[in-house]
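K.L.:
Dropping in work05.txt, with compact mmCIF, C-alpha atoms.
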```
# COMPACT_ATOMS: atom_id res chain seq x y z
CA MET S 1 -28.11 -19.70 10.80
CA MET S 2 -27.61 -18.47 7.27
CA LYS S 3 -24.35 -16.61 6.69
CA LEU S 4 -24.21 -13.84 4.14
CA THR S 5 -21.06 -12.66 2.41
CA ALA S 6 -20.40 -8.90 2.35
CA GLU S 7 -21.36 -8.91 -1.33
CA GLN S 8 -24.67 -10.66 -0.62
CA GLU S 9 -25.48 -8.30 2.22
CA ASP S 10 -24.73 -5.34 -0.02
CA ALA S 11 -27.02 -6.74 -2.72
CA LEU S 12 -29.88 -7.26 -0.27
CA ILE S 13 -29.46 -3.78 1.19
CA GLU S 14 -29.49 -2.24 -2.28
CA ILE S 15 -32.58 -4.09 -3.41
CA GLY S 16 -34.22 -3.37 -0.07
CA ASN S 17 -33.31 0.30 -0.51
CA ILE S 18 -34.98 0.42 -3.90
CA GLY S 19 -38.15 -1.21 -2.60
CA MET S 20 -38.32 0.92 0.51
CA SER S 21 -37.62 4.11 -1.40
CA LYS S 22 -40.65 3.40 -3.56
CA ALA S 23 -42.65 2.85 -0.39
CA ALA S 24 -41.35 6.12 1.07
CA LYS S 25 -42.38 7.93 -2.08
CA GLN S 26 -45.91 6.54 -1.79
CA LEU S 27 -46.09 7.60 1.84
CA SER S 28 -44.81 11.03 0.86
CA VAL S 29 -47.61 11.37 -1.68
CA LEU S 30 -50.23 10.16 0.80
CA LEU S 31 -49.10 12.54 3.51
CA ASN S 32 -48.12 15.34 1.16
CA SER S 33 -44.88 15.59 3.11
CA PRO S 34 -41.24 14.66 2.42
CA ILE S 35 -40.20 11.41 4.08
CA LYS S 36 -36.72 10.72 5.43
CA ILE S 37 -35.61 7.13 4.94
CA THR S 38 -32.72 5.31 6.56
CA ILE S 39 -30.43 2.90 4.76
CA PRO S 40 -32.00 -0.52 5.25
CA LYS S 41 -30.77 -2.76 8.03
CA ILE S 42 -30.52 -6.51 7.77
CA SER S 43 -31.15 -8.69 10.78
CA PHE S 44 -31.62 -12.35 11.29
CA ILE S 45 -34.48 -13.17 13.63
CA PRO S 46 -34.54 -13.58 16.78
CA LEU S 47 -36.91 -10.70 16.97
CA LYS S 48 -35.20 -9.01 19.89
CA GLU S 49 -32.52 -7.99 17.42
CA ILE S 50 -35.11 -6.13 15.38
CA ALA S 51 -36.68 -4.50 18.39
CA GLN S 52 -33.28 -3.27 19.60
CA ASP S 53 -33.49 -0.28 17.29
CA GLU S 54 -33.40 2.62 19.77
CA THR S 55 -36.44 4.23 18.21
CA PHE S 56 -38.66 1.40 19.46
CA ASP S 57 -40.27 1.69 22.85
CA LEU S 58 -41.04 -1.84 23.93
CA GLU S 59 -43.86 -0.72 26.25
CA GLN S 60 -45.66 1.44 23.68
CA ILE S 61 -48.57 0.19 21.66
CA TYR S 62 -47.89 -0.06 17.96
CA ILE S 63 -50.04 -0.66 14.93
CA LEU S 64 -48.89 -3.30 12.48
CA VAL S 65 -50.33 -3.82 9.02
CA SER S 66 -48.96 -6.90 7.34
CA GLN S 67 -49.34 -8.87 4.17
CA ARG S 68 -48.15 -12.38 3.55
CA VAL S 69 -45.96 -12.91 0.53
CA GLY S 70 -46.25 -16.18 -1.38
CA LYS S 71 -45.34 -17.99 -4.58
CA ASP S 72 -41.75 -17.34 -5.82
CA LEU S 73 -40.83 -15.60 -2.56
CA GLU S 74 -42.20 -16.51 0.84
CA GLY S 75 -42.47 -14.31 3.85
CA CYS S 76 -44.30 -11.19 4.79
CA SER S 77 -44.06 -7.44 4.77
CA ALA S 78 -45.19 -5.23 7.63
CA LEU S 79 -45.64 -1.53 8.23
CA VAL S 80 -45.40 -0.44 11.86
CA PHE S 81 -46.44 2.87 13.44
CA ARG S 82 -47.04 4.02 16.98
CA ARG S 83 -50.70 3.82 17.90
CA GLU S 84 -50.99 7.58 18.44
CA HIS S 85 -49.84 8.23 14.87
CA ALA S 86 -52.75 6.39 13.36
CA ASN S 87 -55.03 9.42 13.46
CA ILE S 88 -52.38 11.62 11.81
CA LEU S 89 -52.17 9.12 8.98
CA THR S 90 -55.92 8.74 8.74
CA LEU S 91 -56.48 12.49 8.64
CA ALA S 92 -53.77 12.96 6.04
CA VAL S 93 -55.23 10.34 3.77
CA ILE S 94 -58.96 10.72 4.28
CA GLY S 95 -59.24 14.24 5.64
CA VAL S 96 -61.42 15.40 8.51
CA ALA S 97 -63.58 12.55 9.65
CA PRO S 98 -67.32 13.04 10.11
CA GLU S 99 -68.72 12.88 13.63
CA PHE S 100 -68.22 9.34 14.77
CA THR S 101 -68.69 7.42 17.94
CA GLN S 102 -65.42 6.17 19.38
CA LYS S 103 -66.13 2.70 18.02
CA GLU S 104 -66.88 4.02 14.54
CA ALA S 105 -63.77 6.22 14.62
CA ARG S 106 -61.58 3.24 15.48
CA ALA S 107 -63.09 1.19 12.68
CA TYR S 108 -62.59 4.10 10.27
CA GLU S 109 -58.98 4.40 11.37
CA GLN S 110 -58.34 0.69 10.95
CA GLU S 111 -59.80 0.78 7.48
CA ALA S 112 -57.54 3.70 6.57
CA MET S 113 -54.47 1.99 8.01
CA LEU S 114 -55.21 -1.17 6.05
CA GLU S 115 -55.40 0.84 2.87
CA ILE S 116 -52.24 2.83 3.65
CA GLY S 117 -50.38 -0.36 4.53
CA ASN S 118 -51.54 -2.06 1.36
CA VAL S 119 -50.37 0.81 -0.86
CA ILE S 120 -46.99 1.09 0.80
CA ILE S 121 -46.26 -2.61 1.09
CA THR S 122 -47.36 -3.29 -2.47
CA SER S 123 -45.16 -0.53 -3.86
CA CYS S 124 -42.15 -1.96 -2.03
CA ILE S 125 -42.72 -5.60 -2.98
CA SER S 126 -43.67 -5.02 -6.59
CA VAL S 127 -40.52 -3.13 -7.52
CA ILE S 128 -38.31 -5.75 -5.85
CA THR S 129 -40.00 -8.70 -7.50
CA LYS S 130 -39.99 -6.97 -10.87
CA MET S 131 -36.25 -6.38 -10.62
CA VAL S 132 -35.46 -10.03 -9.98
CA SER S 133 -38.18 -11.38 -12.29
CA GLN S 134 -40.05 -13.16 -9.52
CA THR S 135 -43.81 -13.49 -9.19
CA VAL S 136 -45.44 -13.14 -5.81
CA GLU S 137 -48.93 -13.14 -4.41
CA LEU S 138 -49.80 -10.78 -1.62
CA SER S 139 -52.49 -11.62 0.89
CA LEU S 140 -55.07 -9.10 1.98
CA PRO S 141 -53.63 -6.76 4.59
CA ILE S 142 -54.16 -7.60 8.24
CA TYR S 143 -54.36 -5.05 11.05
CA ASN S 144 -53.08 -5.64 14.54
CA GLU S 145 -52.13 -3.50 17.51
CA ASP S 146 -50.10 -4.44 20.57
CA LYS S 147 -46.64 -4.01 22.09
CA LEU S 148 -43.99 -4.40 19.43
CA LEU S 149 -42.41 -7.68 20.51
CA ASP S 150 -45.83 -9.28 20.81
CA LEU S 151 -46.79 -8.07 17.35
CA LEU S 152 -43.61 -9.41 15.79
CA ARG S 153 -43.84 -12.70 17.69
CA GLU S 154 -47.38 -13.24 16.40
CA LEU S 155 -46.29 -12.36 12.90
CA PHE S 156 -43.44 -14.86 12.88
CA ASN S 157 -45.58 -17.57 14.43
CA SER S 158 -48.19 -17.04 11.75
CA MET S 159 -45.53 -17.65 9.13
CA ASN S 160 -45.10 -21.12 10.59
CA GLN S 161 -41.57 -21.46 9.31
CA SER S 162 -40.07 -23.15 12.32
CA ASN S 163 -37.63 -25.13 10.18
CA GLN S 164 -36.27 -22.16 8.34
CA ASN S 165 -34.32 -19.09 9.29
CA LEU S 166 -35.92 -15.76 8.68
CA LEU S 167 -34.22 -12.58 7.60
CA ALA S 168 -35.62 -9.10 8.02
CA ILE S 169 -34.79 -6.06 5.96
CA SER S 170 -36.05 -2.96 7.71
CA THR S 171 -35.98 0.76 7.32
CA LYS S 172 -37.22 3.77 9.26
CA LEU S 173 -39.59 6.23 7.57
CA GLU S 174 -39.90 9.66 9.13
CA THR S 175 -41.61 12.90 8.21
CA GLN S 176 -39.30 15.92 8.04
CA GLU S 177 -40.99 17.47 11.06
CA ASP S 178 -40.28 14.26 13.03
CA ASN S 179 -43.87 14.09 14.12
CA LEU S 180 -44.42 10.69 12.58
CA THR S 181 -42.08 7.70 12.47
CA GLY S 182 -42.80 4.31 10.97
CA HIS S 183 -40.89 1.20 10.12
CA LEU S 184 -41.20 -1.03 7.11
CA PHE S 185 -40.14 -4.65 7.32
CA LEU S 186 -39.62 -7.23 4.66
CA ILE S 187 -39.24 -10.66 6.23
CA LEU S 188 -38.26 -13.59 4.08
CA THR S 189 -37.45 -17.26 4.58
CA GLU S 190 -33.93 -18.49 3.95
CA SER S 191 -34.93 -20.20 0.69
CA SER S 192 -36.53 -16.98 -0.49
CA ILE S 193 -33.44 -14.99 0.39
CA ASN S 194 -31.44 -17.43 -1.74
CA ALA S 195 -33.93 -17.00 -4.59
CA LEU S 196 -33.63 -13.22 -4.26
CA LEU S 197 -29.84 -13.40 -4.23
CA GLU S 198 -29.88 -15.62 -7.32
CA GLY S 199 -32.12 -13.09 -9.06
CA ILE S 200 -29.70 -10.28 -8.15
CA ARG S 201 -26.74 -12.39 -9.24
CA LYS S 202 -28.32 -12.86 -12.68
CA LEU S 203 -28.95 -9.12 -12.92
CA THR S 204 -25.38 -8.20 -12.02
CA SER S 205 -23.77 -10.72 -14.31
CA GLY S 206 -25.10 -8.76 -17.28
CA MET C 1 -15.25 16.71 -23.28
CA ASN C 2 -13.51 13.49 -22.25
CA ASN C 3 -15.19 10.09 -22.06
CA LYS C 4 -15.02 9.57 -18.31
CA ILE C 5 -18.07 8.95 -16.19
CA LEU C 6 -17.93 8.82 -12.39
CA ILE C 7 -20.50 6.75 -10.50
CA VAL C 8 -20.83 7.49 -6.78
CA ASP C 9 -22.83 4.93 -4.82
CA ASP C 10 -22.07 3.20 -1.53
CA SER C 11 -23.53 -0.05 -2.89
CA ALA C 12 -21.21 -2.24 -4.97
CA THR C 13 -24.32 -3.92 -6.38
CA ALA C 14 -25.71 -0.60 -7.56
CA ARG C 15 -22.43 0.35 -9.21
CA LYS C 16 -22.30 -3.04 -10.91
CA LEU C 17 -25.87 -2.66 -12.20
CA PHE C 18 -25.01 0.77 -13.54
CA LYS C 19 -21.88 -0.46 -15.33
CA ILE C 20 -23.89 -3.22 -16.98
CA CYS C 21 -26.12 -0.55 -18.51
CA LEU C 22 -23.05 0.99 -20.09
CA ALA C 23 -21.35 -2.29 -20.98
CA GLU C 24 -22.39 -2.22 -24.63
CA ASN C 25 -20.97 1.25 -25.04
CA ALA C 26 -17.21 1.11 -25.23
CA ASP C 27 -17.00 4.87 -25.74
CA TYR C 28 -17.10 5.53 -22.00
CA GLU C 29 -14.73 4.79 -19.16
CA VAL C 30 -16.50 4.30 -15.84
CA ILE C 31 -14.79 5.30 -12.60
CA GLU C 32 -16.32 4.22 -9.29
CA ALA C 33 -16.45 5.77 -5.85
CA ASN C 34 -18.22 4.36 -2.83
CA ALA C 35 -18.14 7.44 -0.58
CA TRP C 36 -17.90 11.23 -0.73
CA GLN C 37 -14.19 11.60 -0.05
CA PRO C 38 -12.90 9.24 -2.77
CA ALA C 39 -15.61 10.69 -5.06
CA ILE C 40 -14.15 14.18 -4.74
CA GLU C 41 -10.58 12.93 -5.12
CA LEU C 42 -11.43 10.92 -8.22
CA ALA C 43 -13.44 13.77 -9.72
CA LYS C 44 -10.44 16.09 -9.32
CA LEU C 45 -8.05 13.48 -10.69
CA HIS C 46 -10.04 12.31 -13.72
CA ALA C 47 -12.24 15.34 -14.51
CA PRO C 48 -15.18 13.22 -15.68
CA PHE C 49 -17.70 14.95 -17.92
CA LEU C 50 -20.61 13.24 -16.17
CA ILE C 51 -21.09 12.29 -12.51
CA PHE C 52 -23.88 9.97 -11.40
CA LEU C 53 -24.75 10.21 -7.73
CA ASP C 54 -26.95 8.07 -5.55
CA TYR C 55 -29.00 10.10 -3.08
CA ASN C 56 -29.26 8.02 0.12
CA MET C 57 -25.70 7.43 1.28
CA PRO C 58 -23.97 7.34 4.67
CA GLU C 59 -22.45 10.65 5.88
CA LYS C 60 -23.52 12.81 2.95
CA SER C 61 -26.39 12.67 0.49
CA GLY C 62 -25.85 12.82 -3.26
CA GLY C 63 -27.08 16.41 -3.21
CA GLU C 64 -24.57 17.40 -0.51
CA ILE C 65 -21.73 15.72 -2.39
CA ALA C 66 -22.61 17.53 -5.62
CA LYS C 67 -22.68 20.85 -3.74
CA LEU C 68 -19.24 20.14 -2.25
CA MET C 69 -17.88 19.24 -5.66
CA GLN C 70 -19.25 22.42 -7.19
CA GLU C 71 -17.67 24.46 -4.39
CA GLN C 72 -14.36 22.80 -5.16
CA GLY C 73 -14.52 23.76 -8.82
CA ILE C 74 -15.60 20.43 -10.30
CA THR C 75 -17.51 21.27 -13.46
CA ALA C 76 -19.03 17.97 -14.56
CA ARG C 77 -22.72 17.51 -15.28
CA PHE C 78 -24.48 15.83 -12.38
CA VAL C 79 -27.13 13.15 -12.67
CA LEU C 80 -29.07 11.79 -9.71
CA LEU C 81 -29.40 8.00 -9.83
CA THR C 82 -31.76 7.00 -7.08
CA ALA C 83 -34.78 5.02 -6.01
CA ASN C 84 -35.80 7.92 -3.78
CA THR C 85 -37.53 10.17 -6.31
CA GLN C 86 -39.68 12.15 -3.92
CA GLN C 87 -40.54 15.61 -5.23
CA SER C 88 -38.61 17.29 -2.40
CA ILE C 89 -35.44 15.54 -3.55
CA ILE C 90 -36.01 16.33 -7.20
CA ASP C 91 -36.57 19.97 -6.25
CA GLU C 92 -33.37 19.94 -4.21
CA VAL C 93 -31.17 18.62 -7.00
CA THR C 94 -32.85 20.76 -9.64
CA ALA C 95 -31.92 23.80 -7.57
CA LEU C 96 -28.33 22.53 -7.59
CA GLY C 97 -28.35 22.42 -11.38
CA PHE C 98 -28.45 18.65 -11.84
CA PHE C 99 -28.74 17.69 -15.50
CA ASP C 100 -31.19 14.84 -14.94
CA VAL C 101 -32.66 12.32 -12.54
CA ILE C 102 -32.74 8.60 -13.31
CA GLU C 103 -34.93 6.45 -11.14
CA LYS C 104 -33.61 3.09 -9.93
CA PRO C 105 -33.72 0.35 -10.95
CA VAL C 106 -31.64 1.74 -13.79
CA THR C 107 -32.04 0.26 -17.27
CA VAL C 108 -29.99 0.33 -20.46
CA GLU C 109 -32.76 2.41 -22.05
CA HIS C 110 -32.64 5.04 -19.28
CA VAL C 111 -28.92 5.49 -19.62
CA LYS C 112 -29.02 5.54 -23.42
CA ALA C 113 -31.77 8.18 -23.41
CA LEU C 114 -29.72 10.31 -21.05
CA LEU C 115 -26.54 10.03 -23.13
CA ASP C 116 -28.50 10.89 -26.26
CA LYS C 117 -29.63 14.11 -24.57
CA LEU C 118 -26.06 15.30 -24.06
```
Would you kindly transcribe this structure into structure tokens?
P.N.:
Amino acid sequence: MMKLTAEQEDALIEIGNIGMSKAAKQLSVLLNSPIKITIPKISFIPLKEIAQDETFDLEQIYILVSQRVGKDLEGCSALVFRREHANILTLAVIGVAPEFTQKEARAYEQEAMLEIGNVIITSCISVITKMVSQTVELSLPIYNEDKLLDLLRELFNSMNQSNQNLLAISTKLETQEDNLTGHLFLILTESSINALLEGIRKLTSG
Amino acid sequence: MNNKILIVDDSATARKLFKICLAENADYEVIEANAWQPAIELAKLHAPFLIFLDYNMPEKSGGEIAKLMQEQGITARFVLLTANTQQSIIDEVTALGFFDVIEKPVTVEHVKALLDKL
């Protein structure tokens, strides 16, 4: 298991904070509502550690929109909302939907969530990579819905990094009225964390 | 006006990045605080002419700290240094009389432009 010094943890939290603040700003614009953001948390997988945040209900169904990150940094980023919040987000972004069948409405919602996820994830990743002069490629966003632990388990399995440790930087995003809460995760391999830390080290050495 | 600048940010990395942006300018002395209580103490002790505040911090936000400082008679100019530049936050600090807002990641150019405005 990778061990971080206090200085390294501070650096990752700061850079995570910058990325996630950009994401929060995008969400704020999309929803036309102020967004509260927590100071990012760092956790090493196993995924139960991530799910132990008291705001997660392990029996609830969540939506997860994720994008793989490749090239200079490897990992993925994921935006997670409760299933019942999807229509709030869809309405906020697209407005009142035309009369749809249930199937069409679900497809419409998925489409909206993919777009929302893409905008938010991209804004987070791009500011981080720009800061540390890294180049990344983002995959197309993928939509999934399930119980949280199952979603995260599938995500980590898809990363197929069984030989490497994974580190997650996460933050909670909440509207001021507390009617909508989401989480943004940035999950990176150990070698990518080291690359990120090296990039930060170069920045802070002037 | 003295040459002291106070930077208030709970992240040592952020404070380091900020100091680097001022490194070429020997005219200023940078004082650091990582939380609201030492920030107020140092502001009273050193009477900086400029105070940079991060917004998202544990216990109190940058806006709340500035308000406390103002209530305690600290008369520096306040600058918000933050990645969280949502309009609601800009409106909040504008109402508090902040001189400017600099969006993170901070650059030498940002800081120079701000100092030129003074």
K.L.:
Write down, as a PyMOL selection string, each residue of chain S that has any atom within 6 Å of an atom of chain C, counting all atoms listed in the file.
P.N.:
chain S and resi 11+18+21+25+204+206
K.L.:
In Å, how far is it from atom CA of Gln72 of chain C to atom CA of Leu22 of chain C?
P.N.:
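Taking atom CA of Gln72 of chain C as the start and atom CA of Leu22 of chain C as the end point, the length is 27.8 Å.
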K.L.:
Which is closest to Cys124 of chain S among S:Ala105, S:Ile35, S:Cys76, S:Ile42, if we use only C-alpha atoms?
P.N.:
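Between S:Ala105, S:Ile35, S:Cys76, S:Ile42, the residue approaching Cys124 of chain S most closely is S:Cys76.
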K.L.:
Could you please determine the separation between atom CA of Glu59 of chain C and atom CA of Leu196 of chain S in Å, to one decimal place?
P.N.:
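Answer for the atom CA of Glu59 of chain C to atom CA of Leu196 of chain S separation: 28.2 Å.
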K.L.:
Near Glu177 of chain S, within 10 Å and counting all atoms listed in the file, which residues show up once chain neighbours fewer than 6 positions away are dropped, as number ranges by chain?
P.N.:
S: 33-36
K.L.:
I need the residues from that last selection saved to file as a PDB file, in the frame of the given file (with C-alpha atoms), if you can.
P.N.:
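The new file result33.pdb reads:
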```
ATOM      1  CA  SER S  33     -44.880  15.590   3.110  1.00  0.00           C
ATOM      2  CA  PRO S  34     -41.240  14.660   2.420  1.00  0.00           C
ATOM      3  CA  ILE S  35     -40.200  11.410   4.080  1.00  0.00           C
ATOM      4  CA  LYS S  36     -36.720  10.720   5.430  1.00  0.00           C
TER       5      LYS S  36
END
```
K.L.:
What lies within 7 Å of Ile142 of chain S using all atoms listed in the file, ignoring chain neighbours under 6 positions off, as a list in words?
P.N.:
Val65, Ser66, Gln67 and Leu114 of chain S
K.L.:
Quick one: residues within 8 Å of segment 7-9 of chain C, only C-alpha atoms counted, chain neighbours fewer than 3 positions away excluded, as a list in words?
P.N.:
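Contacts, in chain order: Ala12, Ala14, Arg15, Val30, Ile31, Glu32, Ala33, Asn34, Ala35, Trp36, Ala39, Ile51, Phe52, Leu53, Asp54 and Met57 of chain C.
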K.L.:
Would you mind completing segment 11-22 of chain S to all heavy atoms and writing the output as a PDB file, in the frame of the given file?
P.N.:
```
ATOM      1  N   ALA S  11     -25.971  -6.563  -1.701  1.00  0.00           N
ATOM      2  CA  ALA S  11     -27.020  -6.740  -2.720  1.00  0.00           C
ATOM      3  C   ALA S  11     -28.412  -6.664  -2.102  1.00  0.00           C
ATOM      4  O   ALA S  11     -29.312  -6.025  -2.647  1.00  0.00           O
ATOM      5  CB  ALA S  11     -26.828  -8.086  -3.429  1.00  0.00           C
ATOM      6  N   LEU S  12     -28.575  -7.285  -0.931  1.00  0.00           N
ATOM      7  CA  LEU S  12     -29.880  -7.260  -0.270  1.00  0.00           C
ATOM      8  C   LEU S  12     -30.221  -5.848   0.220  1.00  0.00           C
ATOM      9  O   LEU S  12     -31.370  -5.416   0.134  1.00  0.00           O
ATOM     10  CB  LEU S  12     -29.908  -8.234   0.912  1.00  0.00           C
ATOM     11  CG  LEU S  12     -29.902  -9.721   0.540  1.00  0.00           C
ATOM     12  CD1 LEU S  12     -29.755 -10.577   1.798  1.00  0.00           C
ATOM     13  CD2 LEU S  12     -31.161 -10.121  -0.220  1.00  0.00           C
ATOM     14  N   ILE S  13     -29.217  -5.151   0.726  1.00  0.00           N
ATOM     15  CA  ILE S  13     -29.460  -3.780   1.190  1.00  0.00           C
ATOM     16  C   ILE S  13     -29.851  -2.890   0.009  1.00  0.00           C
ATOM     17  O   ILE S  13     -30.771  -2.065   0.098  1.00  0.00           O
ATOM     18  CB  ILE S  13     -28.235  -3.209   1.938  1.00  0.00           C
ATOM     19  CG1 ILE S  13     -28.073  -3.914   3.288  1.00  0.00           C
ATOM     20  CG2 ILE S  13     -28.352  -1.704   2.136  1.00  0.00           C
ATOM     21  CD1 ILE S  13     -26.795  -3.574   4.033  1.00  0.00           C
ATOM     22  N   GLU S  14     -29.180  -3.070  -1.111  1.00  0.00           N
ATOM     23  CA  GLU S  14     -29.490  -2.240  -2.280  1.00  0.00           C
ATOM     24  C   GLU S  14     -30.897  -2.511  -2.786  1.00  0.00           C
ATOM     25  O   GLU S  14     -31.668  -1.591  -3.057  1.00  0.00           O
ATOM     26  CB  GLU S  14     -28.461  -2.486  -3.394  1.00  0.00           C
ATOM     27  CG  GLU S  14     -28.736  -1.753  -4.709  1.00  0.00           C
ATOM     28  CD  GLU S  14     -28.726  -0.233  -4.602  1.00  0.00           C
ATOM     29  OE1 GLU S  14     -28.311   0.310  -3.557  1.00  0.00           O
ATOM     30  OE2 GLU S  14     -29.175   0.423  -5.577  1.00  0.00           O
ATOM     31  N   ILE S  15     -31.254  -3.770  -2.892  1.00  0.00           N
ATOM     32  CA  ILE S  15     -32.580  -4.090  -3.410  1.00  0.00           C
ATOM     33  C   ILE S  15     -33.647  -3.689  -2.385  1.00  0.00           C
ATOM     34  O   ILE S  15     -34.722  -3.203  -2.753  1.00  0.00           O
ATOM     35  CB  ILE S  15     -32.671  -5.573  -3.833  1.00  0.00           C
ATOM     36  CG1 ILE S  15     -33.767  -5.750  -4.891  1.00  0.00           C
ATOM     37  CG2 ILE S  15     -32.887  -6.506  -2.677  1.00  0.00           C
ATOM     38  CD1 ILE S  15     -33.664  -7.006  -5.682  1.00  0.00           C
ATOM     39  N   GLY S  16     -33.310  -3.835  -1.115  1.00  0.00           N
ATOM     40  CA  GLY S  16     -34.220  -3.370  -0.070  1.00  0.00           C
ATOM     41  C   GLY S  16     -34.380  -1.858  -0.148  1.00  0.00           C
ATOM     42  O   GLY S  16     -35.486  -1.326  -0.007  1.00  0.00           O
ATOM     43  N   ASN S  17     -33.293  -1.150  -0.398  1.00  0.00           N
ATOM     44  CA  ASN S  17     -33.310   0.300  -0.510  1.00  0.00           C
ATOM     45  C   ASN S  17     -34.217   0.760  -1.643  1.00  0.00           C
ATOM     46  O   ASN S  17     -34.988   1.719  -1.515  1.00  0.00           O
ATOM     47  CB  ASN S  17     -31.880   0.805  -0.726  1.00  0.00           C
ATOM     48  CG  ASN S  17     -31.789   2.313  -0.665  1.00  0.00           C
ATOM     49  OD1 ASN S  17     -32.448   2.943   0.148  1.00  0.00           O
ATOM     50  ND2 ASN S  17     -30.985   2.883  -1.530  1.00  0.00           N
ATOM     51  N   ILE S  18     -34.142   0.063  -2.758  1.00  0.00           N
ATOM     52  CA  ILE S  18     -34.980   0.420  -3.900  1.00  0.00           C
ATOM     53  C   ILE S  18     -36.455   0.211  -3.549  1.00  0.00           C
ATOM     54  O   ILE S  18     -37.295   1.094  -3.775  1.00  0.00           O
ATOM     55  CB  ILE S  18     -34.573  -0.399  -5.155  1.00  0.00           C
ATOM     56  CG1 ILE S  18     -33.197   0.055  -5.634  1.00  0.00           C
ATOM     57  CG2 ILE S  18     -35.615  -0.266  -6.261  1.00  0.00           C
ATOM     58  CD1 ILE S  18     -32.596  -0.779  -6.752  1.00  0.00           C
ATOM     59  N   GLY S  19     -36.770  -0.933  -2.983  1.00  0.00           N
ATOM     60  CA  GLY S  19     -38.150  -1.210  -2.600  1.00  0.00           C
ATOM     61  C   GLY S  19     -38.673  -0.227  -1.573  1.00  0.00           C
ATOM     62  O   GLY S  19     -39.774   0.319  -1.711  1.00  0.00           O
ATOM     63  N   MET S  20     -37.874   0.038  -0.577  1.00  0.00           N
ATOM     64  CA  MET S  20     -38.320   0.920   0.510  1.00  0.00           C
ATOM     65  C   MET S  20     -38.358   2.372   0.089  1.00  0.00           C
ATOM     66  O   MET S  20     -39.159   3.153   0.610  1.00  0.00           O
ATOM     67  CB  MET S  20     -37.458   0.661   1.736  1.00  0.00           C
ATOM     68  CG  MET S  20     -37.856  -0.719   2.272  1.00  0.00           C
ATOM     69  SD  MET S  20     -37.011  -1.310   3.672  1.00  0.00           S
ATOM     70  CE  MET S  20     -37.754  -2.948   3.823  1.00  0.00           C
ATOM     71  N   SER S  21     -37.542   2.750  -0.863  1.00  0.00           N
ATOM     72  CA  SER S  21     -37.620   4.110  -1.400  1.00  0.00           C
ATOM     73  C   SER S  21     -38.934   4.319  -2.151  1.00  0.00           C
ATOM     74  O   SER S  21     -39.544   5.389  -2.078  1.00  0.00           O
ATOM     75  CB  SER S  21     -36.448   4.400  -2.326  1.00  0.00           C
ATOM     76  OG  SER S  21     -35.248   4.446  -1.596  1.00  0.00           O
ATOM     77  N   LYS S  22     -39.351   3.308  -2.863  1.00  0.00           N
ATOM     78  CA  LYS S  22     -40.650   3.400  -3.560  1.00  0.00           C
ATOM     79  C   LYS S  22     -41.764   3.553  -2.532  1.00  0.00           C
ATOM     80  O   LYS S  22     -42.707   4.321  -2.716  1.00  0.00           O
ATOM     81  CB  LYS S  22     -40.928   2.153  -4.396  1.00  0.00           C
ATOM     82  CG  LYS S  22     -39.932   1.881  -5.490  1.00  0.00           C
ATOM     83  CD  LYS S  22     -39.972   2.891  -6.610  1.00  0.00           C
ATOM     84  CE  LYS S  22     -38.994   2.491  -7.691  1.00  0.00           C
ATOM     85  NZ  LYS S  22     -38.618   3.569  -8.576  1.00  0.00           N
TER      86      LYS S  22
END
```
